[in-house]
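> One structure coming up, written as structure tokens, with questions to follow.
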Amino acid sequence: VVAAWREWLGLGEDVEAARELSADDPAFAAEAEELAIRREAVAERLRRLLIPRDPADSKDAILEVKSGEGGEESALFAGDLVRMYLRFAERSGWRASVTDGTESDLGGYTDVRLQIQAKGTMEPGTAPWARLKYEGGVHRVQRVPATESQGRIHTSAAGVLVMPDLDA
């Protein structure tokens, strides 16, 4: 952690110096840009080093979404969240499937459970539970819903619960 922090600090000083020198010599502008990109990569590595390790970080995840107060609009918002998580899983290279759910009349969900599994071995910190464990909580949206005929803004909420799949 200390070595990564020192490297990050050193790159910050180098970027600053290269930017100052770029006023006199344009060749330093490209070098400053390269150093800034390297500094961002080191910052990401430092962030990963500082995140506390969870013994379940290599596990698959079970994600539940439950619509809150707001009736059909809340169920539509829960459906939007489910589609978002399914798409995120697909882009991350995971398998995701709806294992249980209750659909609403307009195509949303009152409650739904997703199982998200990694395909093969994953790098540390990239397994489904490691990436999704902070998604739990109440999600809220303010919008003019499809169910509103007079154009008023409604607030809807949905609860998200994420658990590691300990059976996997």
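Residues in the structure tokens are named by chain (A, B, ... in the order shown) and by number from 1 within that chain; ligands are numbered from 1 in the order shown.
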Residues near A:Val82, anyone? I mean within 9 Å using only C-alpha atoms, not counting same-chain ones fewer than 4 positions away, as number ranges by chain.

A: 64-65, 77-78, 86-87, 108-109, 112, 114

> Write out as a count of residues only which residues come within 8 Å of stretch 138-148 of chain A when counting only C-alpha atoms, dropping same-chain ones fewer than 6 positions away.

10

> Taking the DSSP secondary structure from the backbone, can you list the residues of stretch 49-127 of chain A that are strand (DSSP E), as a list in words?

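Answer for stretch 49-127 of chain A, restricted to strand (DSSP E): Asp60, Ala61, Ile62, Leu63, Glu64, Val65, Lys66, Ser67, Trp94, Arg95, Ala96, Ser97, Val98, Thr99, Asp100, Gly101, Thr102, Glu103, Tyr109, Thr110, Asp111, Val112, Arg113, Leu114, Gln115, Ile116, Gln117 and Ala118 of chain A.
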
> Given the choices A:Lys133, A:Ser74, A:Ile37, A:Ala30, which gets closest to A:Leu106 if the distance is worked out from only C-alpha atoms?

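Looking at the shortest contact to A:Leu106, the residue is A:Ser74.
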
> Could you tell me which of A:Val162, A:Asp80, A:Trp5, A:Ala61 comes closest to A:Arg47 if we count only C-alpha atoms?

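Among the listed residues, the smallest separation from A:Arg47 belongs to A:Trp5.
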
> I'd like the neighbourhood of A:Gly12 as a PyMOL selection string, where a residue qualifies if any of its atoms comes within 10 Å (using only C-alpha atoms), though same-chain residues fewer than 4 positions away should be ignored.

chain A and resi 6-8+16-18+32+35-36+38-40

> Hey, can you check how far atom CA of A:Val2 sits from atom CA of A:Tyr134?

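Between atom CA of A:Val2 and atom CA of A:Tyr134 the gap works out to 25.8 Å.
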
> Have a look at A:Phe28, A:Leu161, A:Trp129, A:Gln150 and name the one nearest to A:Pro55; count only C-alpha atoms.

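Among A:Phe28, A:Leu161, A:Trp129, A:Gln150, it is A:Trp129 that comes nearest to A:Pro55.
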
> Quick check, in Å to one decimal: how far apart do atom CA of A:Leu50 and atom CA of A:Leu9 lie?

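It comes out at 15.8 Å.
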
> Looking only at the backbone, which of the residues in chain A does DSSP tag as alpha helix (DSSP H), as a ChimeraX atom specification?

/A:2-21,27-50,71-91,128-132

> Give the answer as one residue: which of A:Ser104, A:Ser22, A:Thr99, A:Ser58 has the shortest atom-to-atom distance to A:Gly120, using only C-alpha atoms?

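Of A:Ser104, A:Ser22, A:Thr99, A:Ser58, the one nearest A:Gly120 is A:Ser58, counting only C-alpha atoms.
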
> Using only C-alpha atoms, which of the listed residues (A:Gly79, A:Ala27, A:Gly68, A:Ala56) sits closest to A:Gly107?

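Result for the nearest residue to A:Gly107: A:Gly79.
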